[in-house]
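Here's input-v7.cif, which has mmCIF, C-alpha atoms:
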data_my_file
loop_
_atom_site.label_atom_id
_atom_site.label_comp_id
_atom_site.auth_asym_id
_atom_site.auth_seq_id
_atom_site.Cartn_x
_atom_site.Cartn_y
_atom_site.Cartn_z
CA MET A 1 -8.60 47.24 23.03
CA LYS A 2 -10.06 43.88 24.03
CA ASN A 3 -7.77 40.92 23.77
CA SER A 4 -10.32 39.16 21.60
CA ASP A 5 -10.45 42.09 19.21
CA GLN A 6 -6.68 42.17 19.02
CA ILE A 7 -6.60 38.52 18.12
CA GLU A 8 -9.44 38.93 15.65
CA SER A 9 -7.73 41.78 13.83
CA ALA A 10 -4.44 39.89 13.76
CA LEU A 11 -6.06 36.79 12.40
CA LYS A 12 -7.98 38.85 9.87
CA LEU A 13 -4.72 40.16 8.46
CA LEU A 14 -3.34 36.65 8.19
CA ARG A 15 -6.58 35.44 6.63
CA GLU A 16 -6.45 38.12 3.94
CA GLU A 17 -2.82 37.27 3.23
CA ASN A 18 -3.59 33.56 3.00
CA GLY A 19 -6.56 34.20 0.75
CA ARG A 20 -4.15 34.73 -2.12
CA GLN A 21 -2.37 31.40 -1.58
CA GLN A 22 -3.12 28.38 -3.72
CA ALA A 23 -1.39 25.28 -5.06
CA PRO A 24 0.82 25.79 -8.12
CA HIS A 25 -0.60 24.88 -11.53
CA SER A 26 1.86 21.98 -11.83
CA VAL A 27 -0.09 20.12 -9.14
CA GLU A 28 -3.21 20.21 -11.30
CA ILE A 29 -1.27 18.92 -14.32
CA ARG A 30 0.14 16.01 -12.34
CA LEU A 31 -3.22 15.14 -10.86
CA ARG A 32 -4.97 15.15 -14.24
CA ALA A 33 -2.26 12.88 -15.65
CA ALA A 34 -2.77 10.51 -12.73
CA PHE A 35 -6.53 10.62 -13.28
CA GLN A 36 -6.19 9.81 -16.99
CA GLU A 37 -3.86 6.94 -16.21
CA LYS A 38 -6.25 5.54 -13.65
CA HIS A 39 -9.28 5.75 -15.91
CA ALA A 40 -7.67 4.80 -19.23
CA GLN A 41 -10.29 2.94 -21.30
CA PRO A 42 -9.82 0.19 -23.84
CA TRP A 43 -10.41 1.42 -27.40
CA TYR A 44 -13.74 -0.32 -27.78
CA ARG A 45 -15.24 1.50 -24.78
CA SER A 46 -15.03 4.78 -26.62
CA LEU A 47 -17.42 3.45 -29.31
CA HIS A 48 -21.16 3.93 -29.22
CA TRP A 49 -23.04 0.81 -28.24
CA PRO A 50 -24.32 -0.15 -31.75
CA LEU A 51 -20.76 0.03 -33.07
CA ARG A 52 -19.56 -1.91 -30.05
CA ILE A 53 -22.09 -4.67 -30.71
CA ALA A 54 -21.18 -4.74 -34.40
CA ALA A 55 -17.47 -4.97 -33.55
CA PHE A 56 -17.99 -7.86 -31.15
CA ALA A 57 -20.31 -9.66 -33.57
CA SER A 58 -17.74 -9.34 -36.37
CA ALA A 59 -15.01 -10.67 -34.09
CA ALA A 60 -17.21 -13.61 -33.08
CA LEU A 61 -18.01 -14.45 -36.73
CA LEU A 62 -14.35 -14.29 -37.60
CA CYS A 63 -13.51 -16.70 -34.79
CA VAL A 64 -16.21 -19.14 -35.95
CA ALA A 65 -14.98 -18.93 -39.54
CA LEU A 66 -11.38 -19.55 -38.48
CA TYR A 67 -12.43 -22.50 -36.36
CA SER A 68 -14.43 -24.02 -39.23
CA TRP A 69 -11.56 -23.58 -41.66
CA GLN A 70 -9.11 -25.06 -39.18
CA THR A 71 -11.40 -28.03 -38.56
CA GLY A 72 -11.73 -28.63 -42.29
CA THR A 73 -7.97 -28.48 -42.77
CA ASN A 74 -7.40 -30.93 -39.93
CA ARG A 75 -9.83 -33.42 -41.50
CA GLY A 76 -7.76 -33.32 -44.67
CA ASP A 77 -4.62 -33.91 -42.68
CA ASP A 78 -6.32 -36.82 -40.98
CA LYS A 79 -6.96 -38.41 -44.37
CA ILE A 80 -3.30 -38.21 -45.30
CA SER A 81 -2.16 -39.50 -41.95
CA ALA A 82 -4.73 -42.27 -42.21
CA VAL A 83 -3.17 -43.29 -45.49
CA VAL A 84 0.55 -43.05 -44.75
CA PRO A 85 1.14 -44.21 -41.18
CA PRO A 86 -1.02 -47.36 -41.33
CA ILE A 87 0.92 -48.50 -44.32
CA GLN A 88 4.22 -47.80 -42.66
CA ALA A 89 3.21 -49.19 -39.32
CA GLU A 90 1.44 -52.34 -40.33
CA SER A 91 3.26 -53.47 -43.41
CA LYS A 92 5.79 -56.23 -43.24
CA PRO A 93 8.37 -56.36 -45.97
CA VAL A 94 8.28 -59.78 -47.51
CA ARG A 95 10.59 -59.73 -50.48
CA THR A 96 12.00 -57.50 -53.17
CA VAL A 97 10.41 -56.86 -56.56
CA PRO A 98 9.52 -60.02 -58.45
CA LYS A 99 10.64 -60.48 -61.96
CA THR A 100 7.32 -59.75 -63.55
CA ALA A 101 6.79 -56.40 -61.81
CA PRO A 102 8.82 -53.59 -63.41
CA PRO A 103 8.85 -50.44 -61.25
CA THR A 104 7.40 -47.19 -62.60
CA ILE A 105 10.22 -45.05 -61.23
CA ALA A 106 13.30 -43.96 -63.14
CA ARG A 107 16.26 -46.32 -63.04
CA THR A 108 19.40 -44.75 -61.64
CA ALA A 109 23.11 -45.35 -62.23
CA ARG A 110 23.65 -46.55 -58.74
CA LYS A 111 23.50 -50.26 -58.67
CA SER A 112 22.66 -50.37 -55.01
CA ARG A 113 19.49 -48.37 -55.67
CA LYS A 114 18.44 -50.23 -58.75
CA PRO A 115 15.71 -52.74 -58.28
CA ARG A 116 17.14 -56.12 -59.03
CA LEU A 117 15.48 -58.26 -61.60
CA ARG A 118 16.45 -61.70 -60.60
CA PRO A 119 14.75 -64.94 -60.05
CA THR A 120 13.01 -64.77 -56.78
CA PRO A 121 11.65 -67.54 -54.68
CA PRO A 122 7.95 -68.00 -54.94
CA PRO A 123 5.98 -65.67 -52.66
CA THR A 124 4.30 -66.96 -49.54
CA PRO A 125 1.08 -68.21 -50.99
CA VAL A 126 -2.22 -67.17 -49.70
CA MET A 127 -3.69 -70.27 -51.33
CA ALA A 128 -1.38 -73.14 -52.18
CA THR A 129 -2.40 -73.49 -55.79
CA ALA A 130 -3.02 -69.78 -56.60
CA ARG A 131 -0.89 -67.69 -58.98
CA PRO A 132 -0.51 -63.93 -58.30
CA ALA A 133 -1.91 -61.41 -60.76
CA ILE A 134 0.06 -58.17 -60.99
CA GLU A 135 -1.85 -54.94 -61.49
CA GLU A 136 -0.93 -51.34 -62.18
CA PHE A 137 0.29 -49.12 -59.35
CA VAL A 138 -2.29 -46.87 -57.79
CA ALA A 139 -1.12 -43.47 -56.51
CA ILE A 140 -1.56 -42.93 -52.80
CA PRO A 141 -3.68 -39.81 -52.17
CA TYR A 142 -1.97 -36.67 -50.81
CA ALA A 143 1.49 -38.23 -51.14
CA PRO A 144 4.09 -35.91 -52.68
CA PRO A 145 4.70 -36.97 -56.29
CA LEU A 146 7.94 -38.45 -57.53
CA THR A 147 9.83 -36.63 -60.21
CA ALA A 148 11.82 -38.22 -63.01
CA HIS A 149 15.04 -37.81 -61.04
CA ASP A 150 13.81 -39.29 -57.78
CA ARG A 151 14.92 -42.72 -56.71
CA GLY A 152 12.90 -45.28 -54.89
CA GLU A 153 12.11 -48.91 -54.60
CA VAL A 154 9.27 -51.33 -54.67
CA ILE A 155 8.71 -53.33 -51.56
CA ARG A 156 6.47 -56.36 -51.30
CA VAL A 157 4.40 -56.09 -48.15
CA GLY A 158 1.38 -57.63 -46.55
CA LEU A 159 -1.27 -54.98 -46.21
CA SER A 160 -4.07 -55.37 -43.78
CA ARG A 161 -7.53 -55.10 -45.28
CA HIS A 162 -8.12 -52.21 -42.91
CA SER A 163 -5.28 -50.31 -44.57
CA ILE A 164 -6.60 -51.21 -48.01
CA ARG A 165 -9.97 -49.86 -47.07
CA SER A 166 -8.39 -46.62 -45.88
CA LEU A 167 -6.93 -46.30 -49.39
CA GLY A 168 -10.42 -46.25 -50.79
CA ILE A 169 -10.70 -49.88 -51.92
CA PRO A 170 -13.75 -51.70 -50.62
CA THR A 171 -13.00 -54.82 -48.63
CA ASN A 172 -14.93 -57.64 -47.05
CA PRO A 173 -15.49 -56.59 -43.44
CA GLU A 174 -15.59 -60.23 -42.36
CA ARG A 175 -11.98 -60.63 -43.44
CA PHE A 176 -10.79 -57.37 -41.87
CA LEU A 177 -7.85 -58.85 -40.05
CA GLU A 178 -6.44 -60.74 -43.01
CA ARG A 179 -3.43 -59.45 -44.86
CA VAL A 180 -3.17 -59.07 -48.61
CA PRO A 181 0.12 -59.10 -50.52
CA ALA A 182 0.87 -55.82 -52.18
CA ASP A 183 3.73 -53.85 -53.64
CA LEU A 184 4.53 -50.45 -52.24
CA LEU A 185 6.35 -47.89 -54.35
CA VAL A 186 8.45 -46.09 -51.76
CA GLY A 187 10.38 -42.92 -52.46
CA GLU A 188 13.89 -42.08 -51.33
CA ASP A 189 12.41 -40.27 -48.35
CA GLY A 190 10.69 -43.45 -47.20
CA ILE A 191 7.20 -42.18 -48.01
CA PRO A 192 5.04 -44.57 -50.07
CA ARG A 193 3.84 -43.04 -53.33
CA GLY A 194 1.81 -45.89 -54.78
CA PHE A 195 0.65 -49.41 -54.23
CA ARG A 196 -0.70 -52.34 -56.16
CA LEU A 197 -2.46 -55.35 -54.88
CA ILE A 198 -1.24 -58.77 -55.79
CA ARG A 199 -4.41 -60.61 -56.56
CA THR A 200 -4.24 -64.34 -56.44
CA THR A 201 -5.97 -66.25 -59.26
CA GLU A 202 -7.03 -69.85 -59.30
CA PRO A 203 -5.08 -71.98 -61.77
CA ARG A 204 -7.20 -73.23 -64.57
CA MET B 1 -17.34 13.16 -6.38
CA ARG B 2 -19.64 10.53 -7.84
CA ARG B 3 -18.99 11.58 -11.42
CA SER B 4 -15.30 11.82 -10.73
CA ALA B 5 -15.30 8.29 -9.32
CA LYS B 6 -16.92 7.06 -12.55
CA GLY B 7 -14.07 8.49 -14.60
CA ASP B 8 -15.41 11.91 -15.56
CA GLU B 9 -12.23 13.98 -15.82
CA SER B 10 -14.06 17.30 -16.11
CA ALA B 11 -15.86 16.54 -12.85
CA PHE B 12 -12.57 15.81 -11.12
CA THR B 13 -10.98 18.97 -12.50
CA ASP B 14 -13.93 21.00 -11.30
CA LEU B 15 -13.71 19.40 -7.87
CA TYR B 16 -10.00 20.12 -7.66
CA ARG B 17 -10.30 23.77 -8.73
CA ARG B 18 -13.05 24.44 -6.25
CA ARG B 19 -11.42 22.75 -3.27
CA GLN B 20 -7.67 23.01 -3.74
CA GLN B 21 -7.25 26.50 -2.37
CA ALA B 22 -8.84 25.72 0.98
CA VAL B 23 -6.86 22.51 1.32
CA TYR B 24 -3.63 24.28 0.38
CA ARG B 25 -4.24 27.13 2.83
CA PHE B 26 -5.02 24.72 5.63
CA ALA B 27 -1.82 22.75 4.97
CA LEU B 28 0.16 26.01 4.75
CA GLY B 29 -1.34 27.32 7.95
CA MET B 30 -0.52 24.09 9.76
CA SER B 31 2.99 23.59 8.41
CA GLY B 32 4.16 27.08 7.54
CA ARG B 33 5.90 25.65 4.46
CA SER B 34 4.70 25.98 0.88
CA ASP B 35 6.44 22.77 -0.23
CA VAL B 36 4.65 20.78 2.45
CA ALA B 37 1.36 22.47 1.56
CA GLU B 38 1.87 21.59 -2.12
CA GLU B 39 2.71 17.98 -1.37
CA VAL B 40 -0.22 17.58 1.01
CA THR B 41 -2.63 19.10 -1.52
CA GLN B 42 -1.41 16.75 -4.23
CA ASP B 43 -1.63 13.72 -1.95
CA VAL B 44 -5.15 14.60 -0.86
CA PHE B 45 -6.45 14.63 -4.42
CA LEU B 46 -4.38 11.61 -5.42
CA SER B 47 -6.17 9.80 -2.65
CA VAL B 48 -9.48 10.86 -4.21
CA ILE B 49 -8.33 9.48 -7.59
CA ARG B 50 -7.01 6.18 -6.30
CA GLN B 51 -9.67 5.43 -3.70
CA PRO B 52 -12.86 7.11 -4.86
CA GLY B 53 -14.96 4.71 -2.83
CA ARG B 54 -13.53 6.04 0.39
CA PHE B 55 -15.88 9.01 0.43
CA ASP B 56 -19.19 8.22 2.10
CA GLU B 57 -21.91 10.83 1.70
CA SER B 58 -23.69 9.63 4.80
CA ARG B 59 -20.64 10.24 6.97
CA GLY B 60 -19.91 13.85 6.06
CA THR B 61 -19.41 16.48 3.42
CA VAL B 62 -16.79 16.57 0.71
CA GLN B 63 -15.06 19.43 2.55
CA SER B 64 -14.75 17.51 5.80
CA PHE B 65 -13.56 14.46 3.87
CA LEU B 66 -10.80 16.37 2.08
CA PHE B 67 -9.76 18.28 5.19
CA GLY B 68 -9.66 15.07 7.18
CA ILE B 69 -7.15 13.56 4.76
CA ALA B 70 -5.15 16.79 4.67
CA ARG B 71 -5.05 16.95 8.44
CA ASN B 72 -3.64 13.45 8.76
CA LEU B 73 -1.02 14.11 6.10
CA VAL B 74 0.10 17.45 7.49
CA LEU B 75 0.35 16.14 11.04
CA ARG B 76 2.48 13.29 9.73
CA HIS B 77 4.75 15.81 8.03
CA CYS B 78 5.07 17.93 11.13
CA GLU B 79 5.81 14.85 13.21
CA ARG B 80 8.64 13.95 10.83
CA ASP B 81 10.04 17.48 10.81
CA ARG B 82 9.73 18.10 14.52
CA ARG B 83 12.27 20.67 15.67
CA ASP B 84 10.84 22.42 18.66
CA VAL B 85 9.02 21.20 21.70
CA PHE B 86 6.18 23.37 22.83
CA LEU B 87 6.15 24.84 26.27
CA GLN B 88 2.50 25.26 27.01
CA ASP B 89 1.46 28.37 28.77
CA ASP B 90 -0.78 27.27 31.58
CA ARG B 91 -1.99 30.73 32.38
CA ASP B 92 -5.47 31.46 31.10
CA VAL B 93 -5.77 34.65 29.14
CA ASP B 94 -8.89 36.70 29.51
CA LEU B 95 -9.82 37.56 25.98
CA GLU B 96 -12.44 40.07 27.12
CA ALA B 97 -9.98 42.13 29.09
CA ASP B 98 -8.75 45.44 27.74
CA THR B 99 -5.04 45.62 27.15
CA PRO B 100 -2.81 47.73 24.93
CA ASP B 101 -2.71 46.63 21.32
CA VAL B 102 0.33 44.40 21.07
CA LEU B 103 0.57 44.77 17.31
CA ALA B 104 0.01 48.50 17.10
CA SER B 105 3.66 49.25 16.61
CA LEU B 106 4.18 46.75 13.80
CA ALA B 107 3.74 47.27 10.08
CA THR B 108 1.18 45.09 8.32
CA GLN B 109 3.67 42.68 6.79
CA GLN B 110 5.44 42.28 10.07
CA THR B 111 2.10 41.66 11.71
CA VAL B 112 1.23 38.96 9.21
CA ALA B 113 4.59 37.28 9.72
CA ALA B 114 4.26 37.50 13.46
CA VAL B 115 0.77 36.06 13.53
CA ARG B 116 1.75 33.29 11.15
CA GLU B 117 4.70 32.36 13.29
CA ALA B 118 2.58 32.52 16.41
CA VAL B 119 0.04 30.14 14.90
CA LEU B 120 2.84 27.75 13.97
CA ARG B 121 4.03 27.83 17.56
CA LEU B 122 0.71 26.62 18.86
CA PRO B 123 0.39 22.98 19.86
CA PRO B 124 -1.17 20.98 17.00
CA SER B 125 -4.49 20.40 18.73
CA TYR B 126 -5.01 24.18 19.17
CA ARG B 127 -3.38 25.13 15.93
CA GLU B 128 -5.78 23.12 13.81
CA VAL B 129 -8.91 24.65 15.36
CA VAL B 130 -7.47 28.15 14.94
CA VAL B 131 -6.60 27.44 11.30
CA LEU B 132 -9.98 25.86 10.53
CA CYS B 133 -12.21 28.30 12.39
CA ASP B 134 -10.31 31.58 12.30
CA LEU B 135 -8.32 31.35 9.08
CA GLU B 136 -10.60 29.14 6.97
CA GLU B 137 -13.75 30.56 8.61
CA MET B 138 -15.23 27.13 9.06
CA SER B 139 -18.19 26.72 11.39
CA TYR B 140 -17.77 24.94 14.71
CA ALA B 141 -19.86 22.04 13.44
CA ALA B 142 -17.83 21.67 10.25
CA ALA B 143 -14.56 21.86 12.20
CA ALA B 144 -15.87 19.27 14.64
CA GLU B 145 -16.67 16.99 11.69
CA VAL B 146 -13.16 17.40 10.26
CA LEU B 147 -11.45 16.80 13.58
CA GLY B 148 -13.78 14.07 14.72
CA VAL B 149 -14.47 15.75 18.07
CA PRO B 150 -17.59 17.26 19.66
CA VAL B 151 -18.50 20.87 18.93
CA GLY B 152 -17.89 21.76 22.58
CA THR B 153 -14.31 20.53 22.29
CA VAL B 154 -13.79 22.74 19.26
CA ARG B 155 -15.09 25.79 21.17
CA SER B 156 -12.89 25.17 24.19
CA ARG B 157 -9.79 24.47 22.11
CA LEU B 158 -10.41 27.57 20.03
CA ASN B 159 -10.72 29.73 23.10
CA ARG B 160 -7.56 28.30 24.57
CA GLY B 161 -5.76 28.56 21.25
CA ARG B 162 -6.59 32.23 20.88
CA GLY B 163 -5.31 32.88 24.38
CA LEU B 164 -2.06 31.16 23.62
CA LEU B 165 -1.85 33.09 20.38
CA LEU B 166 -2.07 36.36 22.19
CA GLU B 167 0.62 35.30 24.60
CA LYS B 168 2.88 34.31 21.77
CA LEU B 169 2.26 37.59 19.97
CA ARG B 170 3.29 39.43 23.09
CA TRP B 171 6.37 37.26 23.18
CA TYR B 172 7.02 38.13 19.58
CA GLU B 173 6.71 41.78 20.28
CA GLY B 174 9.66 41.22 22.54
CA GLY B 175 11.66 40.46 19.35
CA ARG B 176 12.27 36.73 19.63
CA PHE B 177 10.91 34.18 17.13
CA SER B 178 11.99 31.29 14.95
CA VAL B 179 10.81 29.87 11.64
CA GLY B 180 9.72 26.34 10.75
CA CYS B 181 7.12 23.63 11.09
CA SER B 182 6.70 23.06 14.79
CA ALA B 183 4.65 20.18 16.12
#

Final structure tokens representation of the file:
Amino acid sequence: MKNSDQIESALKLLREENGRQQAPHSVEIRLRAAFQEKHAQPWYRSLHWPLRIAAFASAALLCVALYSWQTGTNRGDDKISAVVPPIQAESKPVRTVPKTAPPTIARTARKSRKPRLRPTPPPTPVMATARPAIEEFVAIPYAPPLTAHDRGEVIRVGLSRHSIRSLGIPTNPERFLERVPADLLVGEDGIPRGFRLIRTTEPR
Amino acid sequence: MRRSAKGDESAFTDLYRRRQQAVYRFALGMSGRSDVAEEVTQDVFLSVIRQPGRFDESRGTVQSFLFGIARNLVLRHCERDRRDVFLQDDRDVDLEADTPDVLASLATQQTVAAVREAVLRLPPSYREVVVLCDLEEMSYAAAAEVLGVPVGTVRSRLNRGRGLLLEKLRWYEGGRFSVGCSA
């Protein structure tokens, strides 16, 4: 027998034996798991394209709506902050409540908290011969209301015309930097609840 | 391969089921160990999953691509598990000469075991051409593509490998052999 034939027959036997060999099924399971992990898609990719467009459009509209609502809310907050901080930052306490200006808050048992009704020195006049006219308190917008049990005090301040304008009262723009005497009704928490302008009148 | 690279799982599964047996047999023929063959097969297809862009249609077929990866992996395994050093037989064997059948006295199963062991005893460069051409029945051109050598080199290595195989089978007939992945 030729050497080549001997080799060929030997290899043929081995080939037939090997023909039955294959990788175990567990290899396929592991590979498919690895494939799924590699190609995992976000949820929206499984949608058809019209649904995908509709989903994105809805999300975009929702974002725009949220942004508009948020912007509107911030404008409201700006109004409140425009009212409260300018008053607190720019006002200068001048004196306590004058005799003729009873406070509209409830009087408490504590003497230290009670507004004192006593003769007060005359206020710093805006005009030498003018007499102040006391008006009703005007509630400050967006300020938390006082209840019957809250305590507070009235403080005489000098409000800038800019602050007065921010409270909704028209002012002369030429006299923007001038200060106007006013009473601030300030709660226990330090937040002003109301104000009233002290208008000066010419003596007759 | 293209559909599999785009994420088509059924395409990948089909690719695996059609190609895994050949890859497994090649790794088994080269290493002689089923655990190595299993690991190499898994790593070959994991490479396809993780780097689908590696396959270039212009450079070769899917078969040569997969076998190329398997070859590198199995040679790395054999290098790690090296136990025996080959003593090359420098004598050329005339395959056309008539000699008594060395395997005539052996039963089929013994023959299969003997041939398998003899193949594993071949140096890697001859072993791979014998496994590809004689056991996997790959053409010279396809084997040359897998190995990255000219067709003439495949022919000469195959001829030499078969001669060495015959010598080793005669050595086996003498009753001495060992088991394991030999590189």

(message) Can you pull out the residues contacting Arg155 (chain B)? Cut-off 10 Å, using all atoms listed in the file, and skip same-chain residues under 3 positions away; I want them as JSON, numbers by chain.
(response) {"B": [129, 133, 140, 141, 143, 144, 150, 151, 152, 158, 159, 160, 161]}

(message) Which residues, named as in the file, does the PyMOL selection byres ((chain B and resi 26-37) around 7) pick out? Answer as a PyMOL selection string.
(response) chain B and resi 22-25+38-41+70+74+78+120+127-128+131+180-181

(request) With the file shown as input, list the residues that the PyMOL selection byres ((chain A) within 7 of (chain B)) selects, as JSON, numbers by chain. (result) {"A": [1, 2, 3, 4, 6, 7, 10, 11, 13, 14, 15, 18, 21, 22, 23, 27, 31, 35, 39]}

Just C-alpha atoms for this one: save the residues we selected as a compact mmCIF listing (two decimals), keeping the file's coordinate frame.
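Once everything was written out, this is out_37.txt:
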# COMPACT_ATOMS: atom_id res chain seq x y z
CA MET A 1 -8.60 47.24 23.03
CA LYS A 2 -10.06 43.88 24.03
CA ASN A 3 -7.77 40.92 23.77
CA SER A 4 -10.32 39.16 21.60
CA GLN A 6 -6.68 42.17 19.02
CA ILE A 7 -6.60 38.52 18.12
CA ALA A 10 -4.44 39.89 13.76
CA LEU A 11 -6.06 36.79 12.40
CA LEU A 13 -4.72 40.16 8.46
CA LEU A 14 -3.34 36.65 8.19
CA ARG A 15 -6.58 35.44 6.63
CA ASN A 18 -3.59 33.56 3.00
CA GLN A 21 -2.37 31.40 -1.58
CA GLN A 22 -3.12 28.38 -3.72
CA ALA A 23 -1.39 25.28 -5.06
CA VAL A 27 -0.09 20.12 -9.14
CA LEU A 31 -3.22 15.14 -10.86
CA PHE A 35 -6.53 10.62 -13.28
CA HIS A 39 -9.28 5.75 -15.91

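Put simply, CA of Leu147 (chain B) is 8.2 Å away from CA of Arg71 (chain B).
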
(message) With all atoms listed in the file as the counted atoms, please give the residues lying no more than 9 Å from Glu136 (chain A), apart from itself and same-chain residues fewer than 3 positions off, as a PyMOL selection string.
(response) chain A and resi 195-197
